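These notes are about the structure you will find just below.
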Amino acid sequence: MDAVTSAPARIILICSGKGGVGKTTLTANLGIALARLGERTVVLDADFGLRNLDLLLGLENRIVYTAQEVLAETCRLEQALVKHKQEPNLALLPAGNPRMLEWLTPEDMQRIVAMVAERADFVLIDCPAGIEDGFKNAAAAAREAIVITTPEVSAVRDADRVIGLLNTRGVAPVQLVLNRVRPRMMASQEMLGVDDVTDILALPLVGLVVEDEQVIVSTNRGEPLTLNGNGSPAAKAYQNIARRLRGEDIPLEDPSKARKGLRARLMNKIRKTTGLF
Amino acid sequence: MTLFDFIQRLLGRQKPSGTMAKERLQLVLAHDRSDLNPELLEQMRREILEVVQRYVEIDIEEGDVSLETEDRVTALVANLPIKRARPLPALVAAAAAVGMAQAPDPEAPQELALPLACEPEGDPSPADPD
């Protein structure tokens, strides 16, 4: 990463309200995917109480300093940024040490993000779950946001709260990623559909990620899918999100309506009316 | 889906759960977004029905006042089937209750006075107060 800057960095908050819907997985995969596209990317783990981004990136043993030491001037920013082994365009910065709770303020966050933004094209902030202080700190420096949710009532409700808060803060644009999509259940209307969720939340969709067992496998290994799981549907989805963020026009296809051909359409029709299989 | 659910759905007795999820979400989000708790909403509903009932006879059972939301804009929607209009004397009494009759009737029920923002168009019909 060199210090030459051209356009100002995109500073994107990745948030959801509800925990466990895939924020950290999205941050890790998007970070890798953007880096692969040549973007200098920094992923910032703003969830310093329960940090996990290091684990998903396989960098858990390489953290020495955090943003906390950078702000206290006990180390330089370069020392705290953990470069990814295979993808040198990507660096991780943990916000703080889990043992030192309650140190971060919105001003701290603005200072550290401003420092990081000087040497990056993309700064992705992995937001903690909830809408309390952790969210407020993480959101303090964000210019735009991606809200990630799953097609479940609780996740959509919490996402709606977060969207309301982002709107009052003037964060824009706010885009939506729908995670853990199950095309079959959506086709038989036993799950909220893609259109249902976008209607309710009234946000533009930037990504659809189907439920994919490979996500769990990649998490176990500490190697995000976008690093080498190119054949998997989720990997493709994350790569497409990265490309859409860079302004590429890649059409979004609703996987529950994606089946083509007469037989498939007939089966879809039967499935919709009967709810069978 | 169990066989029982399937039969229920074929008979049209049960909605698919995805549809139920959407309906439940729309309702709960309308409340979340407006910051009105169900208790306050119920109180508002009762007061609205009281006011409307002074002017027309409505079907309380069928009457529905709810919050609906579309594109992040929440609206209060009332659907109140009218059985019939009240006879004129009752209308004048109702108008007096909100302080709009030309000759206020001291017997009019004052406890129903509500701070209404909108007024009925035109003058209340001059009628015999009995």
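Chain labels follow the order of the structure tokens: the first chain is A, the next B, and so on; residue numbering restarts at 1 in every chain, and ligands are counted from 1 in their shown order.
Near chain B, the residues of chain A that fall inside 9 Å (using only C-alpha atoms) are Glu152, Val153, Ser154, Val156, Arg157, Asp160, Arg161, Gly164, Met185, Met186, Ser188, Gln189, Glu190, Met191, Leu192, Gly193, Asp196, Val197, Asp199, Ile200, Leu201, Ala202, Leu203, Thr273, Thr274, Gly275, Leu276 and Phe277 of chain A.
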* segment 3-168 of chain A: residues DSSP assigns to strand (DSSP E), reported as an MDAnalysis selection string -> chainID A and resid 10:15 41:45 82:83 90:94 122:126 144:149
* Going by DSSP on the backbone, which bits of segment 20-106 of chain B are helix (DSSP H, G or I)? Write them as a PyMOL selection string, please. => chain B and resi 20-34+38-55+88-97
Expected file contents, prior selection, C-alpha atoms, as a PDB file, in the first residue's frame:
```pdb
ATOM      1  CA  MET B  20     -47.871 -14.344   6.795  1.00  0.00           C
ATOM      2  CA  ALA B  21     -44.324 -13.184   7.509  1.00  0.00           C
ATOM      3  CA  LYS B  22     -44.755 -10.217   5.183  1.00  0.00           C
ATOM      4  CA  GLU B  23     -48.085  -9.193   6.689  1.00  0.00           C
ATOM      5  CA  ARG B  24     -46.810  -9.483  10.248  1.00  0.00           C
ATOM      6  CA  LEU B  25     -43.690  -7.501   9.391  1.00  0.00           C
ATOM      7  CA  GLN B  26     -45.623  -4.702   7.736  1.00  0.00           C
ATOM      8  CA  LEU B  27     -47.755  -4.341  10.835  1.00  0.00           C
ATOM      9  CA  VAL B  28     -44.915  -4.417  13.339  1.00  0.00           C
ATOM     10  CA  LEU B  29     -42.776  -2.031  11.269  1.00  0.00           C
ATOM     11  CA  ALA B  30     -45.602   0.472  11.016  1.00  0.00           C
ATOM     12  CA  HIS B  31     -45.627   0.516  14.818  1.00  0.00           C
ATOM     13  CA  ASP B  32     -41.833   0.621  15.107  1.00  0.00           C
ATOM     14  CA  ARG B  33     -41.544   3.476  12.652  1.00  0.00           C
ATOM     15  CA  SER B  34     -44.306   5.597  14.147  1.00  0.00           C
ATOM     16  CA  PRO B  38     -50.285  -0.791  20.604  1.00  0.00           C
ATOM     17  CA  GLU B  39     -51.894   0.694  23.716  1.00  0.00           C
ATOM     18  CA  LEU B  40     -51.688   4.266  22.414  1.00  0.00           C
ATOM     19  CA  LEU B  41     -52.885   3.132  19.015  1.00  0.00           C
ATOM     20  CA  GLU B  42     -55.873   1.393  20.586  1.00  0.00           C
ATOM     21  CA  GLN B  43     -56.700   4.561  22.550  1.00  0.00           C
ATOM     22  CA  MET B  44     -56.459   6.632  19.378  1.00  0.00           C
ATOM     23  CA  ARG B  45     -58.629   4.117  17.551  1.00  0.00           C
ATOM     24  CA  ARG B  46     -61.334   4.317  20.223  1.00  0.00           C
ATOM     25  CA  GLU B  47     -61.306   8.112  20.227  1.00  0.00           C
ATOM     26  CA  ILE B  48     -61.504   8.290  16.447  1.00  0.00           C
ATOM     27  CA  LEU B  49     -64.441   5.889  16.444  1.00  0.00           C
ATOM     28  CA  GLU B  50     -66.188   7.966  19.127  1.00  0.00           C
ATOM     29  CA  VAL B  51     -65.873  11.113  17.054  1.00  0.00           C
ATOM     30  CA  VAL B  52     -67.032   9.465  13.854  1.00  0.00           C
ATOM     31  CA  GLN B  53     -69.966   7.873  15.665  1.00  0.00           C
ATOM     32  CA  ARG B  54     -71.320  11.276  16.591  1.00  0.00           C
ATOM     33  CA  TYR B  55     -71.902  11.951  12.913  1.00  0.00           C
ATOM     34  CA  LEU B  88     -80.220  15.874  12.223  1.00  0.00           C
ATOM     35  CA  PRO B  89     -80.762  16.714  15.923  1.00  0.00           C
ATOM     36  CA  ALA B  90     -77.983  14.333  16.881  1.00  0.00           C
ATOM     37  CA  LEU B  91     -75.731  15.973  14.330  1.00  0.00           C
ATOM     38  CA  VAL B  92     -76.283  19.396  15.848  1.00  0.00           C
ATOM     39  CA  ALA B  93     -75.531  18.055  19.302  1.00  0.00           C
ATOM     40  CA  ALA B  94     -72.363  16.523  17.981  1.00  0.00           C
ATOM     41  CA  ALA B  95     -71.331  19.778  16.353  1.00  0.00           C
ATOM     42  CA  ALA B  96     -72.021  21.600  19.615  1.00  0.00           C
ATOM     43  CA  ALA B  97     -69.788  19.163  21.437  1.00  0.00           C
TER      44      ALA B  97
END
```
* Asked: Leaving out segment 214-217 of chain A and any residue of its chain fewer than 2 positions from it, which residues lie within 12 Å of it when counting only C-alpha atoms, given as a ChimeraX atom specification?
  -> /A:22,24-26,28-29,56,179-180,209-212,219-238
Just to be explicit: take each residue in the selection above, keep C-alpha atoms, and write the result as a PDB file, in the first residue's frame.
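Below is the file selection.pdb, written as the result:
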```
ATOM      1  CA  GLY A  22     -23.485 -12.485   7.984  1.00  0.00           C
ATOM      2  CA  THR A  24     -18.435 -10.276   9.234  1.00  0.00           C
ATOM      3  CA  THR A  25     -18.531 -12.916   6.487  1.00  0.00           C
ATOM      4  CA  LEU A  26     -19.611 -10.243   4.008  1.00  0.00           C
ATOM      5  CA  ALA A  28     -14.174 -10.527   4.830  1.00  0.00           C
ATOM      6  CA  ASN A  29     -15.325 -11.723   1.406  1.00  0.00           C
ATOM      7  CA  LEU A  56     -12.555 -15.264   9.227  1.00  0.00           C
ATOM      8  CA  ASN A 179     -28.182 -13.234   2.613  1.00  0.00           C
ATOM      9  CA  ARG A 180     -29.042 -16.932   3.060  1.00  0.00           C
ATOM     10  CA  VAL A 209     -26.336 -14.493  -1.574  1.00  0.00           C
ATOM     11  CA  VAL A 210     -27.872 -17.954  -1.646  1.00  0.00           C
ATOM     12  CA  GLU A 211     -27.511 -20.272   1.320  1.00  0.00           C
ATOM     13  CA  ASP A 212     -24.258 -22.093   0.662  1.00  0.00           C
ATOM     14  CA  THR A 219     -15.001 -20.007   7.833  1.00  0.00           C
ATOM     15  CA  ASN A 220     -13.555 -23.144   9.395  1.00  0.00           C
ATOM     16  CA  ARG A 221     -10.415 -22.727   7.335  1.00  0.00           C
ATOM     17  CA  GLY A 222     -10.056 -18.970   7.790  1.00  0.00           C
ATOM     18  CA  GLU A 223     -10.014 -18.540   4.022  1.00  0.00           C
ATOM     19  CA  PRO A 224     -12.832 -16.387   2.647  1.00  0.00           C
ATOM     20  CA  LEU A 225     -14.654 -17.956  -0.312  1.00  0.00           C
ATOM     21  CA  THR A 226     -13.624 -15.139  -2.623  1.00  0.00           C
ATOM     22  CA  LEU A 227     -10.008 -16.205  -2.099  1.00  0.00           C
ATOM     23  CA  ASN A 228     -10.306 -19.571  -3.815  1.00  0.00           C
ATOM     24  CA  GLY A 229     -13.879 -20.871  -3.760  1.00  0.00           C
ATOM     25  CA  ASN A 230     -14.604 -19.488  -7.175  1.00  0.00           C
ATOM     26  CA  GLY A 231     -17.030 -22.211  -8.169  1.00  0.00           C
ATOM     27  CA  SER A 232     -19.390 -21.722  -5.250  1.00  0.00           C
ATOM     28  CA  PRO A 233     -22.571 -19.672  -5.687  1.00  0.00           C
ATOM     29  CA  ALA A 234     -21.867 -17.544  -2.597  1.00  0.00           C
ATOM     30  CA  ALA A 235     -18.354 -16.700  -3.823  1.00  0.00           C
ATOM     31  CA  LYS A 236     -19.824 -15.533  -7.114  1.00  0.00           C
ATOM     32  CA  ALA A 237     -22.396 -13.435  -5.254  1.00  0.00           C
ATOM     33  CA  TYR A 238     -19.737 -11.716  -3.122  1.00  0.00           C
TER      34      TYR A 238
END
```
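Within the 10 Å cut-off around Glu87 of chain A, using only C-alpha atoms and omitting residues fewer than 3 positions from it on the same chain, the listed residues are A:Gly31, A:Ile32, A:Ala33, A:Ala35, A:Arg36, A:Gly38, A:Lys83, A:His84, A:Leu90, A:Ala91, A:Leu227.
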Go ahead and write the selection's residues with C-alpha atoms as a PDB file, in the first residue's frame.
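Printed below is result.pdb as written:
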```
ATOM      1  CA  GLY A  31     -12.512  -7.162   1.330  1.00  0.00           C
ATOM      2  CA  ILE A  32     -10.785  -9.986  -0.540  1.00  0.00           C
ATOM      3  CA  ALA A  33     -12.895  -9.484  -3.672  1.00  0.00           C
ATOM      4  CA  ALA A  35      -8.496  -6.293  -3.227  1.00  0.00           C
ATOM      5  CA  ARG A  36      -8.431  -8.822  -6.077  1.00  0.00           C
ATOM      6  CA  GLY A  38      -6.937  -4.002  -7.555  1.00  0.00           C
ATOM      7  CA  LYS A  83      -1.556  -7.322   5.615  1.00  0.00           C
ATOM      8  CA  HIS A  84      -3.246 -10.401   4.197  1.00  0.00           C
ATOM      9  CA  LEU A  90      -6.010  -6.084   1.742  1.00  0.00           C
ATOM     10  CA  ALA A  91      -5.200  -5.080   5.296  1.00  0.00           C
ATOM     11  CA  LEU A 227     -10.008 -16.205  -2.099  1.00  0.00           C
TER      12      LEU A 227
END
```
* Compile the contact shell of Leu44 of chain A as JSON, numbers by chain: residues with an atom at most 12 Å away, counting only C-alpha atoms, same-chain residues fewer than 4 positions apart removed. => {"A": [11, 12, 13, 14, 24, 27, 28, 31, 48, 51, 52, 53, 54, 66, 67, 80, 81, 82, 90, 91, 92, 93, 94, 95, 96, 109, 112, 113, 116, 117, 120, 122, 123, 124, 125, 126, 127, 128, 138, 139, 141, 142]}
* Would you list the contacts of Gly207 of chain A as an MDAnalysis selection string, taking every protein, DNA or RNA residue within 10 Å and counting only C-alpha atoms, but skipping same-chain residues closer than 3 positions in sequence? => chainID A and resid 146 148 175:179 204 210 237:242 244:245 250:253
Could you write those residues out with C-alpha atoms, as a PDB file, in the first residue's frame?
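Printed below is part_30.pdb as written:
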```
ATOM      1  CA  ILE A 146     -24.505  -1.752   3.258  1.00  0.00           C
ATOM      2  CA  ILE A 148     -27.252  -7.052   5.308  1.00  0.00           C
ATOM      3  CA  GLN A 175     -27.761  -0.466  -0.090  1.00  0.00           C
ATOM      4  CA  LEU A 176     -29.095  -3.902   0.764  1.00  0.00           C
ATOM      5  CA  VAL A 177     -27.596  -7.381   0.694  1.00  0.00           C
ATOM      6  CA  LEU A 178     -30.017 -10.273   1.143  1.00  0.00           C
ATOM      7  CA  ASN A 179     -28.182 -13.234   2.613  1.00  0.00           C
ATOM      8  CA  PRO A 204     -31.761  -0.758  -3.609  1.00  0.00           C
ATOM      9  CA  VAL A 210     -27.872 -17.954  -1.646  1.00  0.00           C
ATOM     10  CA  ALA A 237     -22.396 -13.435  -5.254  1.00  0.00           C
ATOM     11  CA  TYR A 238     -19.737 -11.716  -3.122  1.00  0.00           C
ATOM     12  CA  GLN A 239     -17.611 -11.013  -6.191  1.00  0.00           C
ATOM     13  CA  ASN A 240     -20.619  -9.476  -7.922  1.00  0.00           C
ATOM     14  CA  ILE A 241     -21.272  -7.207  -4.940  1.00  0.00           C
ATOM     15  CA  ALA A 242     -17.671  -5.980  -5.121  1.00  0.00           C
ATOM     16  CA  ARG A 244     -21.352  -3.461  -8.372  1.00  0.00           C
ATOM     17  CA  LEU A 245     -19.771  -1.294  -5.663  1.00  0.00           C
ATOM     18  CA  ILE A 250     -24.220  -6.577 -13.239  1.00  0.00           C
ATOM     19  CA  PRO A 251     -27.860  -7.659 -13.339  1.00  0.00           C
ATOM     20  CA  LEU A 252     -29.349  -9.200 -10.206  1.00  0.00           C
ATOM     21  CA  GLU A 253     -31.310 -12.351 -10.784  1.00  0.00           C
TER      22      GLU A 253
END
```
